[in-house]
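A.B. asks: Quick one: the structure is below, questions incoming.
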Amino acid sequence: MTDTSDFENMERDGWSNPSIAKGYADGFEMATHHVAKKLADAVDAGPEVKVLDLCTGHGVVAKELVARGATVSGLDFSEPMISLARSAVPKAQFVQGDAMAMEFPDEHFDAVTIGFGVPHFPDASRGLIEAARV
């Protein structure tokens, strides 16, 4: 197994800074809205659909999913991002956690969306396997 601790520490240190989280949210607003619509289409988001928005960030994908009637949980390791998401999408549930080792049971969701999170995974294969598990 590859040691990813340096990468993980860099990510956690950077994204724990509220000004970095807010700067990202403000700077990528247009791009994230476009992706959110595509992801919601891809998972047929609507009533009776339970979706995990993995690496939810500031909640743009979660907001689109909720707007379509889905029941949404968002997970991110960054507490500042979770705070932004909670403010933006009060109808979703957000938790701080690790995409590499989620505490959700197997097949807990109907679908999983990941907007821009995969490049932040220390091990993309492990993260995608974990997403498929839940």
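FYI, nothing fancy with the structure tokens labels: chains A, B, ... in order, residues from 1 per chain, ligands from 1 as they appear.
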List as a ChimeraX atom specification the protein and nucleic acid residues near Asp106 in chain A, meaning an atom at most 12 Å away when only C-alpha atoms are counted, but skip any in the same chain fewer than 5 places from it.
C.D. replies: /A:101,129-134
A.B. asks: Write out as a list of chain:residue names which residues come within 9 Å of Leu52 in chain A when counting only C-alpha atoms, dropping same-chain ones fewer than 5 positions away.
C.D. replies: A:Ala62, A:Thr71, A:Val72, A:Ser73, A:Gly74, A:Leu75, A:His108, A:Phe109, A:Asp110, A:Ala111, A:Val112, A:Thr113, A:Ile114, A:Ala131, A:Val134
A.B. asks: Among the residues of range 20-124 of chain A, find those DSSP assigns to strand (DSSP E) from the backbone and print them as a ChimeraX atom specification.
C.D. replies: /A:50-54,71-76,93-96,111-114
A.B. asks: Residues of the last selection are to be written out with N, CA and C atoms, as a PDB file, in the first residue's frame.
C.D. replies:
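Printed below is part.pdb as written:
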ATOM      1  N   LYS A  50     -32.543   8.460  -2.379  1.00  0.00           N
ATOM      2  CA  LYS A  50     -31.669   8.783  -1.245  1.00  0.00           C
ATOM      3  C   LYS A  50     -30.234   8.864  -1.784  1.00  0.00           C
ATOM      4  N   VAL A  51     -29.638  10.060  -1.710  1.00  0.00           N
ATOM      5  CA  VAL A  51     -28.336  10.309  -2.341  1.00  0.00           C
ATOM      6  C   VAL A  51     -27.304  10.763  -1.313  1.00  0.00           C
ATOM      7  N   LEU A  52     -26.105  10.235  -1.451  1.00  0.00           N
ATOM      8  CA  LEU A  52     -24.950  10.738  -0.709  1.00  0.00           C
ATOM      9  C   LEU A  52     -24.169  11.638  -1.647  1.00  0.00           C
ATOM     10  N   ASP A  53     -23.973  12.875  -1.253  1.00  0.00           N
ATOM     11  CA  ASP A  53     -23.107  13.782  -1.998  1.00  0.00           C
ATOM     12  C   ASP A  53     -21.748  13.749  -1.314  1.00  0.00           C
ATOM     13  N   LEU A  54     -20.857  12.969  -1.871  1.00  0.00           N
ATOM     14  CA  LEU A  54     -19.538  12.729  -1.293  1.00  0.00           C
ATOM     15  C   LEU A  54     -18.599  13.862  -1.659  1.00  0.00           C
ATOM     16  N   THR A  71     -33.675  12.958  -1.010  1.00  0.00           N
ATOM     17  CA  THR A  71     -33.222  12.988   0.376  1.00  0.00           C
ATOM     18  C   THR A  71     -31.709  12.942   0.323  1.00  0.00           C
ATOM     19  N   VAL A  72     -31.049  13.946   0.875  1.00  0.00           N
ATOM     20  CA  VAL A  72     -29.616  14.116   0.649  1.00  0.00           C
ATOM     21  C   VAL A  72     -28.822  14.146   1.952  1.00  0.00           C
ATOM     22  N   SER A  73     -27.740  13.381   1.943  1.00  0.00           N
ATOM     23  CA  SER A  73     -26.705  13.467   2.971  1.00  0.00           C
ATOM     24  C   SER A  73     -25.437  13.919   2.268  1.00  0.00           C
ATOM     25  N   GLY A  74     -24.722  14.836   2.868  1.00  0.00           N
ATOM     26  CA  GLY A  74     -23.445  15.285   2.317  1.00  0.00           C
ATOM     27  C   GLY A  74     -22.329  14.953   3.284  1.00  0.00           C
ATOM     28  N   LEU A  75     -21.211  14.494   2.764  1.00  0.00           N
ATOM     29  CA  LEU A  75     -20.058  14.174   3.599  1.00  0.00           C
ATOM     30  C   LEU A  75     -18.842  14.909   3.062  1.00  0.00           C
ATOM     31  N   ASP A  76     -18.064  15.484   3.952  1.00  0.00           N
ATOM     32  CA  ASP A  76     -16.814  16.147   3.600  1.00  0.00           C
ATOM     33  C   ASP A  76     -15.902  16.074   4.824  1.00  0.00           C
ATOM     34  N   GLN A  93     -28.745  16.779   5.191  1.00  0.00           N
ATOM     35  CA  GLN A  93     -27.986  16.430   6.394  1.00  0.00           C
ATOM     36  C   GLN A  93     -26.512  16.388   6.001  1.00  0.00           C
ATOM     37  N   PHE A  94     -25.653  17.039   6.765  1.00  0.00           N
ATOM     38  CA  PHE A  94     -24.224  17.061   6.461  1.00  0.00           C
ATOM     39  C   PHE A  94     -23.429  16.515   7.630  1.00  0.00           C
ATOM     40  N   VAL A  95     -22.430  15.709   7.312  1.00  0.00           N
ATOM     41  CA  VAL A  95     -21.559  15.131   8.328  1.00  0.00           C
ATOM     42  C   VAL A  95     -20.103  15.284   7.903  1.00  0.00           C
ATOM     43  N   GLN A  96     -19.270  15.461   8.895  1.00  0.00           N
ATOM     44  CA  GLN A  96     -17.837  15.486   8.640  1.00  0.00           C
ATOM     45  C   GLN A  96     -17.361  14.044   8.704  1.00  0.00           C
ATOM     46  N   ALA A 111     -27.861   6.310  -4.601  1.00  0.00           N
ATOM     47  CA  ALA A 111     -26.857   6.865  -5.512  1.00  0.00           C
ATOM     48  C   ALA A 111     -25.835   7.665  -4.719  1.00  0.00           C
ATOM     49  N   VAL A 112     -24.656   7.827  -5.306  1.00  0.00           N
ATOM     50  CA  VAL A 112     -23.595   8.662  -4.734  1.00  0.00           C
ATOM     51  C   VAL A 112     -23.142   9.625  -5.821  1.00  0.00           C
ATOM     52  N   THR A 113     -23.068  10.905  -5.482  1.00  0.00           N
ATOM     53  CA  THR A 113     -22.498  11.894  -6.393  1.00  0.00           C
ATOM     54  C   THR A 113     -21.164  12.371  -5.820  1.00  0.00           C
ATOM     55  N   ILE A 114     -20.247  12.699  -6.712  1.00  0.00           N
ATOM     56  CA  ILE A 114     -18.952  13.270  -6.323  1.00  0.00           C
ATOM     57  C   ILE A 114     -18.652  14.371  -7.334  1.00  0.00           C
TER      58      ILE A 114
END
A.B. asks: What parts of chain A does DSSP call alpha helix (DSSP H)? I'd like the answer as an MDAnalysis selection string.
C.D. replies: chainID A and resid 5:15 18:27 29:42 60:67 79:88 124:133
A.B. asks: Separation of CA of Val35 in chain A and CA of Cys55 in chain A, in Å?
C.D. replies: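 Computing it gives 13.6 Å between the two atoms.
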A.B. asks: Could you check how far CA of Thr4 in chain A sits from CA of Pro119 in chain A, in Å to one decimal?
C.D. replies: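 About the pair CA of Thr4 in chain A and CA of Pro119 in chain A: they are 13.1 Å apart.
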